[in-house]
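What follows is the content of input.txt (compact mmCIF, C-alpha atoms and all ligand atoms).
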# COMPACT_ATOMS: atom_id res chain seq x y z
CA MET A 1 -46.61 -77.32 16.08
CA GLY A 2 -43.36 -75.39 16.30
CA THR A 3 -42.26 -71.76 16.47
CA VAL A 4 -41.93 -68.94 13.96
CA THR A 5 -38.27 -68.36 13.13
CA ARG A 6 -36.28 -66.16 10.73
CA GLY A 7 -37.69 -66.40 7.20
CA THR A 8 -34.42 -66.09 5.25
CA THR A 9 -34.63 -67.70 1.82
CA ASN A 10 -33.34 -67.11 -1.71
CA PRO A 11 -34.28 -68.08 -5.24
CA ASN A 12 -32.49 -71.24 -6.36
CA ARG A 13 -31.04 -71.77 -2.92
CA LEU A 14 -32.19 -75.39 -2.66
CA ARG A 15 -31.32 -76.51 -6.21
CA ARG A 16 -28.86 -79.18 -5.05
CA MET A 17 -31.38 -80.72 -2.69
CA ASP A 18 -34.19 -80.48 -5.30
CA ARG A 19 -32.08 -82.27 -7.91
CA TRP A 20 -31.12 -85.02 -5.50
CA ILE A 21 -34.75 -85.51 -4.47
CA ALA A 22 -35.83 -85.61 -8.11
CA ALA A 23 -33.22 -88.29 -8.85
CA ALA A 24 -33.57 -90.37 -5.68
CA HIS A 25 -37.33 -90.24 -5.30
CA ALA A 26 -38.61 -90.18 -8.90
CA PRO A 27 -39.76 -93.83 -9.04
CA ALA A 28 -41.87 -93.49 -5.88
CA LEU A 29 -43.32 -90.16 -7.02
CA ARG A 30 -44.24 -91.62 -10.41
CA ARG A 31 -45.84 -94.73 -8.89
CA ALA A 32 -47.96 -92.85 -6.36
CA ALA A 33 -51.65 -92.24 -7.00
CA GLU A 34 -51.36 -88.90 -5.15
CA PRO A 35 -47.74 -87.67 -5.42
CA VAL A 36 -47.91 -84.88 -2.87
CA ALA A 37 -44.74 -83.14 -1.64
CA VAL A 38 -44.60 -80.70 1.28
CA ASP A 39 -42.15 -77.80 1.44
CA LEU A 40 -42.22 -77.30 5.21
CA GLY A 41 -41.07 -73.87 6.39
CA TYR A 42 -40.59 -72.24 2.97
CA GLY A 43 -39.84 -68.87 4.55
CA ALA A 44 -40.57 -65.21 3.85
CA ALA A 45 -41.18 -65.85 0.12
CA PRO A 46 -42.29 -69.13 -1.47
CA TRP A 47 -39.55 -69.44 -4.10
CA THR A 48 -38.32 -72.82 -2.89
CA ALA A 49 -41.83 -74.29 -3.13
CA VAL A 50 -42.30 -72.95 -6.68
CA GLU A 51 -38.94 -74.40 -7.70
CA LEU A 52 -39.59 -77.75 -6.00
CA LEU A 53 -42.76 -78.12 -8.06
CA GLY A 54 -40.89 -77.37 -11.29
CA ARG A 55 -38.09 -79.81 -10.55
CA LEU A 56 -40.36 -82.62 -9.38
CA ARG A 57 -42.55 -82.24 -12.46
CA THR A 58 -39.59 -82.91 -14.72
CA VAL A 59 -39.50 -86.48 -13.30
CA ALA A 60 -43.10 -86.92 -12.08
CA PRO A 61 -45.56 -84.83 -14.10
CA ARG A 62 -48.45 -85.42 -11.66
CA ALA A 63 -46.49 -84.17 -8.63
CA ARG A 64 -48.11 -81.51 -6.45
CA VAL A 65 -46.49 -79.31 -3.82
CA VAL A 66 -48.04 -77.90 -0.66
CA GLY A 67 -46.06 -75.16 1.02
CA VAL A 68 -46.59 -75.24 4.80
CA GLU A 69 -45.51 -72.30 6.97
CA ILE A 70 -46.02 -71.66 10.64
CA ASP A 71 -46.12 -67.89 10.16
CA PRO A 72 -49.60 -66.91 8.87
CA ALA A 73 -48.27 -63.66 7.34
CA ARG A 74 -45.90 -65.77 5.17
CA VAL A 75 -48.82 -67.94 4.05
CA ALA A 76 -50.75 -64.80 3.01
CA ALA A 77 -47.67 -63.45 1.20
CA ALA A 78 -47.35 -66.73 -0.72
CA GLU A 79 -50.96 -66.89 -1.93
CA PRO A 80 -50.34 -64.90 -5.15
CA TYR A 81 -47.87 -67.63 -6.17
CA ALA A 82 -50.46 -70.42 -5.91
CA ARG A 83 -51.07 -72.20 -9.21
CA GLU A 84 -52.08 -75.54 -10.62
CA GLY A 85 -50.21 -78.07 -8.47
CA LEU A 86 -49.08 -75.56 -5.83
CA THR A 87 -51.01 -74.51 -2.72
CA PHE A 88 -50.06 -72.98 0.62
CA ARG A 89 -51.25 -73.82 4.13
CA HIS A 90 -50.72 -72.55 7.61
CA GLY A 91 -49.24 -75.18 9.93
CA GLY A 92 -46.20 -76.81 11.45
CA PHE A 93 -44.74 -80.21 12.31
CA GLU A 94 -48.22 -81.73 12.49
CA VAL A 95 -48.29 -81.30 8.65
CA PRO A 96 -51.94 -80.28 8.22
CA LEU A 97 -52.86 -82.31 5.13
CA PRO A 98 -55.67 -84.84 4.82
CA GLY A 99 -53.40 -87.60 3.42
CA ARG A 100 -49.84 -88.84 3.76
CA PRO A 101 -47.25 -86.98 1.66
CA LEU A 102 -44.70 -88.78 -0.52
CA LEU A 103 -42.16 -86.16 0.45
CA ILE A 104 -41.60 -83.71 3.28
CA ARG A 105 -38.72 -81.35 2.67
CA ALA A 106 -37.62 -79.18 5.59
CA ALA A 107 -34.63 -77.02 4.65
CA ASN A 108 -33.06 -74.59 7.09
CA VAL A 109 -35.93 -75.09 9.54
CA LEU A 110 -34.50 -77.24 12.36
CA ARG A 111 -31.30 -75.21 12.33
CA GLN A 112 -33.12 -72.71 14.54
CA TYR A 113 -34.38 -75.31 17.02
CA ASP A 114 -32.49 -77.05 19.86
CA GLU A 115 -30.57 -80.24 19.11
CA SER A 116 -32.62 -81.91 21.85
CA GLU A 117 -35.81 -81.31 19.82
CA VAL A 118 -34.64 -82.99 16.62
CA ALA A 119 -35.43 -86.62 17.47
CA GLU A 120 -39.03 -85.83 18.38
CA VAL A 121 -39.55 -83.64 15.28
CA TRP A 122 -38.11 -86.38 13.05
CA ARG A 123 -40.36 -88.97 14.72
CA ARG A 124 -43.40 -86.79 14.18
CA LEU A 125 -42.62 -85.97 10.55
CA CYS A 126 -41.68 -89.58 9.70
CA GLY A 127 -44.99 -90.62 11.24
CA ARG A 128 -46.82 -88.43 8.71
CA LEU A 129 -45.16 -89.98 5.64
CA ASP A 130 -46.69 -92.27 3.08
CA PRO A 131 -45.20 -95.80 3.46
CA GLU A 132 -43.05 -94.98 0.41
CA GLY A 133 -42.38 -91.43 1.58
CA LEU A 134 -39.19 -89.57 2.32
CA LEU A 135 -38.34 -86.79 4.76
CA VAL A 136 -35.39 -84.67 3.64
CA GLU A 137 -34.10 -82.37 6.37
CA GLY A 138 -30.97 -80.26 6.18
CA THR A 139 -29.12 -77.01 6.07
CA CYS A 140 -27.32 -74.87 3.49
CA ASP A 141 -25.67 -71.49 3.13
CA GLU A 142 -27.58 -68.45 1.90
CA ILE A 143 -27.05 -69.18 -1.78
CA GLY A 144 -26.92 -72.97 -1.67
CA ARG A 145 -23.28 -73.60 -2.41
CA ARG A 146 -22.80 -75.85 0.60
CA HIS A 147 -25.53 -78.18 1.65
CA VAL A 148 -25.87 -81.21 3.93
CA TRP A 149 -29.10 -83.14 4.48
CA VAL A 150 -30.44 -86.30 6.10
CA ALA A 151 -32.99 -88.46 4.28
CA LEU A 152 -35.40 -90.44 6.41
CA GLY A 153 -38.05 -93.04 5.62
CA PRO A 154 -41.10 -93.78 7.77
CA GLU A 155 -38.84 -95.99 9.93
CA GLY A 156 -36.22 -93.28 10.57
CA PRO A 157 -32.93 -91.91 9.22
CA ARG A 158 -31.31 -93.62 6.22
CA THR A 159 -28.64 -91.47 4.61
CA VAL A 160 -26.63 -88.26 4.84
CA THR A 161 -25.78 -86.32 1.66
CA PHE A 162 -23.04 -83.72 1.29
CA ALA A 163 -23.39 -81.45 -1.76
CA THR A 164 -21.21 -78.53 -2.73
CA ARG A 165 -20.08 -76.20 -5.47
CA LEU A 166 -16.69 -77.73 -6.10
CA ALA A 167 -15.07 -74.64 -7.61
CA ALA A 168 -15.42 -72.81 -4.31
CA LEU A 169 -14.29 -75.68 -2.07
CA GLU A 170 -11.04 -75.49 -0.16
CA ARG A 171 -11.54 -78.78 1.69
CA PRO A 172 -14.53 -81.09 2.36
CA SER A 173 -14.73 -80.10 6.02
CA ASP A 174 -15.79 -76.63 4.80
CA LEU A 175 -19.22 -78.26 4.78
CA ALA A 176 -19.11 -78.78 8.56
CA GLU A 177 -20.70 -75.39 9.19
CA ARG A 178 -23.78 -76.56 7.22
CA LEU A 179 -24.31 -79.89 8.98
CA PRO A 180 -27.94 -80.50 9.94
CA LYS A 181 -28.91 -79.85 13.53
CA ALA A 182 -28.61 -83.54 14.47
CA LEU A 183 -24.90 -83.51 13.52
CA ILE A 184 -23.57 -79.97 13.78
CA HIS A 185 -22.77 -80.14 17.48
CA ARG A 186 -21.20 -83.59 16.97
CA ASN A 187 -18.30 -82.48 14.85
CA VAL A 188 -15.89 -83.15 17.72
CA PRO A 189 -13.26 -85.86 18.27
CA GLY A 190 -14.83 -89.18 19.20
CA GLU A 191 -17.92 -88.64 17.05
CA PRO A 192 -18.29 -90.45 13.70
CA VAL A 193 -19.11 -87.31 11.69
CA HIS A 194 -15.84 -85.77 12.86
CA ALA A 195 -13.90 -88.88 11.80
CA PHE A 196 -15.68 -88.83 8.44
CA LEU A 197 -14.78 -85.21 7.70
CA ARG A 198 -11.21 -85.79 8.89
CA ASP A 199 -10.85 -88.77 6.52
CA PHE A 200 -12.52 -86.82 3.71
CA ASP A 201 -10.01 -83.98 4.15
CA ARG A 202 -7.14 -86.48 4.08
CA ALA A 203 -8.50 -88.14 0.93
CA TRP A 204 -8.94 -84.69 -0.64
CA ALA A 205 -5.32 -83.78 0.20
CA ALA A 206 -4.06 -87.10 -1.20
CA ALA A 207 -6.07 -86.46 -4.37
CA SER A 208 -4.44 -83.06 -4.96
CA PRO A 209 -2.59 -84.28 -8.11
CA TYR A 210 -6.03 -84.68 -9.70
CA ALA A 211 -6.71 -80.96 -9.24
CA SER A 212 -4.93 -80.33 -12.54
CA TYR A 213 -7.89 -82.17 -14.20
CA GLY A 214 -10.34 -80.00 -12.25
CA ALA A 215 -11.98 -80.01 -8.84
CA ARG A 216 -14.56 -82.54 -10.05
CA GLN A 217 -11.93 -85.18 -10.78
CA ARG A 218 -10.30 -84.48 -7.45
CA TRP A 219 -13.61 -84.89 -5.58
CA MET A 220 -14.38 -88.13 -7.39
CA ARG A 221 -10.97 -89.52 -6.53
CA ALA A 222 -11.33 -88.51 -2.88
CA VAL A 223 -14.76 -90.14 -2.64
CA ARG A 224 -13.42 -93.37 -4.17
CA ASP A 225 -10.69 -93.36 -1.51
CA LEU A 226 -13.24 -92.81 1.24
CA ALA A 227 -15.24 -95.80 0.02
CA ALA A 228 -12.10 -97.92 -0.30
CA GLY A 229 -11.22 -96.95 3.26
CA GLY A 230 -14.47 -98.46 4.52
CA TRP A 231 -16.92 -95.54 4.67
CA PRO A 232 -20.30 -96.78 3.38
CA VAL A 233 -20.67 -94.56 0.32
CA LEU A 234 -24.04 -95.39 -1.22
CA ASP A 235 -24.05 -93.50 -4.51
CA GLY A 236 -21.80 -93.58 -7.57
CA PRO A 237 -19.88 -91.44 -10.06
CA VAL A 238 -23.02 -89.94 -11.64
CA ARG A 239 -23.77 -88.20 -8.36
CA TRP A 240 -20.14 -87.58 -7.36
CA ARG A 241 -19.71 -85.60 -10.59
CA GLN A 242 -22.24 -83.10 -9.21
CA GLY A 243 -20.12 -82.51 -6.13
CA GLU A 244 -22.21 -84.88 -4.03
CA VAL A 245 -21.69 -87.90 -1.88
CA THR A 246 -24.23 -89.91 0.10
CA VAL A 247 -23.29 -92.15 3.02
CA SER A 248 -25.39 -94.29 5.30
CA TRP A 249 -26.75 -92.59 8.40
CA GLY A 250 -25.60 -95.48 10.57
CA ALA A 251 -21.96 -94.58 9.89
CA LEU A 252 -22.36 -90.95 10.96
CA ALA A 253 -24.99 -91.17 13.70
CA PRO A 254 -23.92 -89.54 16.97
CA VAL A 255 -22.56 -91.86 19.64
CA GLY A 256 -22.22 -89.42 22.55
C1 LIG A 301 -34.79 -69.92 7.38
S1 LIG A 301 -36.40 -70.13 6.74
C2 LIG A 301 -36.07 -71.33 5.49
C3 LIG A 301 -36.78 -71.05 4.19
C4 LIG A 301 -36.53 -72.08 3.10
N1 LIG A 301 -36.92 -73.40 3.52
C5 LIG A 301 -35.10 -72.08 2.66
O1 LIG A 301 -34.37 -73.03 2.95
O2 LIG A 301 -34.68 -71.13 1.99
C6 LIG A 301 -37.21 -71.12 8.00
C7 LIG A 301 -38.73 -71.01 7.96
O3 LIG A 301 -39.28 -72.13 8.67
C8 LIG A 301 -40.44 -71.69 9.33
N2 LIG A 301 -40.75 -72.65 10.38
C9 LIG A 301 -40.11 -72.80 11.58
N3 LIG A 301 -40.68 -73.80 12.28
C10 LIG A 301 -41.68 -74.29 11.51
C11 LIG A 301 -42.60 -75.34 11.69
N4 LIG A 301 -42.62 -76.06 12.80
N5 LIG A 301 -43.48 -75.59 10.69
C12 LIG A 301 -43.49 -74.84 9.57
N6 LIG A 301 -42.63 -73.84 9.35
C13 LIG A 301 -41.72 -73.57 10.30
C14 LIG A 301 -40.10 -70.31 9.80
O4 LIG A 301 -41.24 -69.57 10.11
C15 LIG A 301 -39.29 -69.77 8.63
O5 LIG A 301 -40.12 -69.07 7.74
As structure tokens, please, write out the structure in this file.
Amino acid sequence: MGTVTRGTTNPNRLRRMDRWIAAAHAPALRRAAEPVAVDLGYGAAPWTAVELLGRLRTVAPRARVVGVEIDPARVAAAEPYAREGLTFRHGGFEVPLPGRPLLIRAANVLRQYDESEVAEVWRRLCGRLDPEGLLVEGTCDEIGRRHVWVALGPEGPRTVTFATRLAALERPSDLAERLPKALIHRNVPGEPVHAFLRDFDRAWAAASPYASYGARQRWMRAVRDLAAGGWPVLDGPVRWRQGEVTVSWGALAPVG
């Protein structure tokens, strides 16, 4: 199910998302009898699937990755990269595996679909997950410096994570252009994601004295202020240090 779209990808592009998944999902992956992860829509070359396997194995040595692509030519091109723990299959949102994966990662896939299609795609993918599974769906720039993703459980969306290379950041709302499809058209006054990015920019500006200690200290200060101001920040300093912040989906979900 779905349509073939542009296959743009790059080595190491999804490192921020991979690291977050490895940290957030390690216990479930380690507990599972069959810790299978799907890299859905890996693109013209299967680098992101190869890297996902490597990063998951650092926290869950029995993890396996199945790369799923809707373009059969891209499946054929990936075959030489198959190895122990890594296979490739032709398919789409139906996720053509016999069992229920512990993880479905779809990066830069829904970006090329209509906003109106997102809810149904999420419902379908969430319906394929293991009861302990996670769907991670989001968007980044070509080399992965700015990245925003939604994490969903079988029941639906849970969190939104913003992750960025701090040295290159002028202001947090620079990430707006990489919002996932469900949010990118909602960055307008009256919508929660717009209010969040506005408050984040204000907190970042107020934290400017911390810039002399480095962009990391400034980011951490700004995130603390966001949390103090009532935004439901769900993670802590260990993640903030990486140029990340995770907030609950409920606070950013579109209202319009
Ligand atoms: C822009 S590439 C992203 C590659 C990689 N995930 C990345 O982030 O670098 C999007 C890929 O998703 C594939 N795709 C689009 N819809 C799909 C679907 N329903 N199921 C599987 N793959 C899909 C496209 O064929 C394309 O190769």
For Pro27 in chain A, work out the shell of residues within 9 Å, counting all atoms listed in the file and skipping chain neighbours fewer than 5 positions away, then give it as a compact mmCIF listing (two decimals) with C-alpha atoms, keeping the file's coordinate frame.
# COMPACT_ATOMS: atom_id res chain seq x y z
CA ALA A 32 -47.96 -92.85 -6.36
CA VAL A 59 -39.50 -86.48 -13.30
CA ALA A 60 -43.10 -86.92 -12.08
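With all atoms listed in the file as the atoms that count, the set of residues no farther than 7 Å from ligand LIG 301 (chain A) is Met1, Gly2, Thr3, Val4, Thr5, Arg6, Gly7, Thr8, Thr9, Asn10, Arg13, Leu14, Leu40, Gly41, Tyr42, Gly43, Ala44, Thr48, Val68, Glu69, Ile70, Asp71, Gly91, Gly92, Phe93, Ala106, Ala107, Asn108 and Val109 of chain A.
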What is the distance between CA of Arg198 in chain A and CA of Arg218 in chain A, in Å to one decimal?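 Between CA of Arg198 in chain A and CA of Arg218 in chain A the gap works out to 16.4 Å.
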Find the residues around range 164-177 of chain A up to 6 Å (all atoms listed in the file counted), leave out those fewer than 6 positions away in its own chain, and share them as a list in words. Arg145, Arg146, Leu197, Asp201, Ala215 and Gly243 of chain A
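With CA of Ala222 in chain A on one side and CA of Ala207 in chain A on the other, the separation reads 5.8 Å.
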Could you state the separation of CA of Pro192 in chain A and CA of Gly230 in chain A in Å, given to one decimal place? 12.8 Å
Using all atoms listed in the file for the distances, tell me which of A:Leu129, A:Val245, A:Ala251, A:Met220 is nearest to Pro35 in chain A.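 Under the stated criterion, the closest residue is A:Leu129.
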Put the listed atoms of range 9-25 of chain A in a box along x, y and z with 3 Å added on every side and give me the centre and edge lengths in Å to one decimal, as lines of an AutoDock Vina configuration file.
center_x = -33.1
center_y = -78.7
center_z = -3.5
size_x = 14.5
size_y = 29.3
size_z = 16.7
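Counting only C-alpha atoms, range 147-159 of chain A has the following residues at most 6 Å away, ignoring those fewer than 4 positions along the same chain: Cys126, Leu129, Leu134, Leu135, Val136, Glu137, Gly138, Thr139, Cys140, Ala163, Leu179, Val247, Ser248 and Trp249 of chain A.
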Taking 5 positions as the minimum chain separation for residues in the same chain, which residues sit within 12 Å of Arg239 in chain A when counting only C-alpha atoms? Answer as a PDB file with C-alpha atoms, keeping the file's coordinate frame.
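Full text of result.pdb as output:
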ATOM      1  CA  ARG A  16     -28.860 -79.180  -5.050  1.00  0.00           C
ATOM      2  CA  ARG A  19     -32.080 -82.270  -7.910  1.00  0.00           C
ATOM      3  CA  TRP A  20     -31.120 -85.020  -5.500  1.00  0.00           C
ATOM      4  CA  ILE A  21     -34.750 -85.510  -4.470  1.00  0.00           C
ATOM      5  CA  ALA A  23     -33.220 -88.290  -8.850  1.00  0.00           C
ATOM      6  CA  ALA A  24     -33.570 -90.370  -5.680  1.00  0.00           C
ATOM      7  CA  THR A 161     -25.780 -86.320   1.660  1.00  0.00           C
ATOM      8  CA  PHE A 162     -23.040 -83.720   1.290  1.00  0.00           C
ATOM      9  CA  ALA A 163     -23.390 -81.450  -1.760  1.00  0.00           C
ATOM     10  CA  THR A 164     -21.210 -78.530  -2.730  1.00  0.00           C
ATOM     11  CA  ARG A 216     -14.560 -82.540 -10.050  1.00  0.00           C
ATOM     12  CA  TRP A 219     -13.610 -84.890  -5.580  1.00  0.00           C
ATOM     13  CA  MET A 220     -14.380 -88.130  -7.390  1.00  0.00           C
ATOM     14  CA  VAL A 223     -14.760 -90.140  -2.640  1.00  0.00           C
ATOM     15  CA  VAL A 233     -20.670 -94.560   0.320  1.00  0.00           C
ATOM     16  CA  LEU A 234     -24.040 -95.390  -1.220  1.00  0.00           C
ATOM     17  CA  GLU A 244     -22.210 -84.880  -4.030  1.00  0.00           C
ATOM     18  CA  VAL A 245     -21.690 -87.900  -1.880  1.00  0.00           C
ATOM     19  CA  THR A 246     -24.230 -89.910   0.100  1.00  0.00           C
TER      20      THR A 246
END
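Of the residues under consideration (A:Val36, A:Val75, A:Leu56, A:Val238), A:Val36 shows the shortest atom-to-atom contact distance to Pro101 in chain A when counting only C-alpha atoms.
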Which residues, written as a list in words, have at least one atom at most 9 Å from His25 in chain A, with only C-alpha atoms counted and residues fewer than 3 positions away on the same chain left out?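 The neighbour list is Trp20, Ile21, Ala22, Ala28, Leu29, Arg30, Leu102, Leu103, Gly133 and Leu134 of chain A.
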Could you check which of A:Pro131, A:Gly54, A:Gly214, A:Pro61 is closest to Arg15 in chain A, using all atoms listed in the file?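 Checking each of A:Pro131, A:Gly54, A:Gly214, A:Pro61 against Arg15 in chain A, counting all atoms listed in the file, the winner is A:Gly54.
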Here is a test: counting only C-alpha atoms, which residue of A:Ala227, A:Ala63, A:Ala76, A:Ala33 is nearest to Pro46 in chain A?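 Closest candidate: A:Ala76.
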From the list A:Ser116, A:Gln242, A:Thr58, A:Gln217, the nearest residue to His185 in chain A using all atoms listed in the file is A:Ser116
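Distance annotation: of A:Arg186, A:Arg221, A:Ala228, A:Pro254, the residue with the minimal separation from Arg241 in chain A is A:Arg221; atom set is all atoms listed in the file.
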Could you complete range 125-147 of chain A so that it carries N, CA and C atoms, and give it back as a short mmCIF file (atom, residue, chain, number, x, y, z; two decimals), keeping the file's coordinate frame?
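Output file part24.cif follows:
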data_model
loop_
_atom_site.label_atom_id
_atom_site.label_comp_id
_atom_site.auth_asym_id
_atom_site.auth_seq_id
_atom_site.Cartn_x
_atom_site.Cartn_y
_atom_site.Cartn_z
N LEU A 125 -42.54 -86.14 12.01
CA LEU A 125 -42.62 -85.97 10.55
C LEU A 125 -42.58 -87.33 9.84
N CYS A 126 -41.72 -88.23 10.31
CA CYS A 126 -41.68 -89.58 9.70
C CYS A 126 -43.02 -90.27 9.86
N GLY A 127 -43.68 -90.01 10.98
CA GLY A 127 -44.99 -90.62 11.24
C GLY A 127 -46.09 -90.10 10.32
N ARG A 128 -45.83 -88.99 9.64
CA ARG A 128 -46.82 -88.43 8.71
C ARG A 128 -46.62 -88.90 7.27
N LEU A 129 -45.49 -89.62 7.03
CA LEU A 129 -45.16 -89.98 5.64
C LEU A 129 -46.00 -91.12 5.11
N ASP A 130 -46.20 -91.11 3.80
CA ASP A 130 -46.69 -92.27 3.08
C ASP A 130 -45.70 -93.44 3.32
N PRO A 131 -46.15 -94.69 3.26
CA PRO A 131 -45.20 -95.80 3.46
C PRO A 131 -44.00 -95.75 2.50
N GLU A 132 -44.18 -95.13 1.34
CA GLU A 132 -43.05 -94.98 0.41
C GLU A 132 -42.41 -93.60 0.50
N GLY A 133 -42.77 -92.85 1.52
CA GLY A 133 -42.38 -91.43 1.58
C GLY A 133 -40.98 -91.21 2.10
N LEU A 134 -40.52 -89.98 1.90
CA LEU A 134 -39.19 -89.57 2.32
C LEU A 134 -39.27 -88.21 3.00
N LEU A 135 -38.55 -88.09 4.12
CA LEU A 135 -38.34 -86.79 4.76
C LEU A 135 -36.91 -86.36 4.44
N VAL A 136 -36.73 -85.17 3.93
CA VAL A 136 -35.39 -84.67 3.64
C VAL A 136 -35.20 -83.40 4.45
N GLU A 137 -34.26 -83.46 5.40
CA GLU A 137 -34.10 -82.37 6.37
C GLU A 137 -32.64 -81.95 6.41
N GLY A 138 -32.36 -80.68 6.17
CA GLY A 138 -30.97 -80.26 6.18
C GLY A 138 -30.78 -78.76 6.16
N THR A 139 -29.55 -78.39 5.90
CA THR A 139 -29.12 -77.01 6.07
C THR A 139 -28.20 -76.61 4.91
N CYS A 140 -28.27 -75.34 4.51
CA CYS A 140 -27.32 -74.87 3.49
C CYS A 140 -26.95 -73.42 3.77
N ASP A 141 -26.00 -72.90 2.99
CA ASP A 141 -25.67 -71.49 3.13
C ASP A 141 -26.70 -70.65 2.38
N GLU A 142 -26.52 -69.33 2.42
CA GLU A 142 -27.58 -68.45 1.90
C GLU A 142 -27.86 -68.64 0.43
N ILE A 143 -26.82 -69.02 -0.34
CA ILE A 143 -27.05 -69.18 -1.78
C ILE A 143 -26.86 -70.63 -2.25
N GLY A 144 -26.86 -71.54 -1.31
CA GLY A 144 -26.92 -72.97 -1.67
C GLY A 144 -25.66 -73.56 -2.25
N ARG A 145 -24.52 -73.02 -1.90
CA ARG A 145 -23.28 -73.60 -2.41
C ARG A 145 -22.79 -74.77 -1.56
N ARG A 146 -23.18 -74.77 -0.31
CA ARG A 146 -22.80 -75.85 0.60
C ARG A 146 -24.05 -76.34 1.29
N HIS A 147 -24.25 -77.65 1.21
CA HIS A 147 -25.53 -78.18 1.65
C HIS A 147 -25.32 -79.58 2.22
#
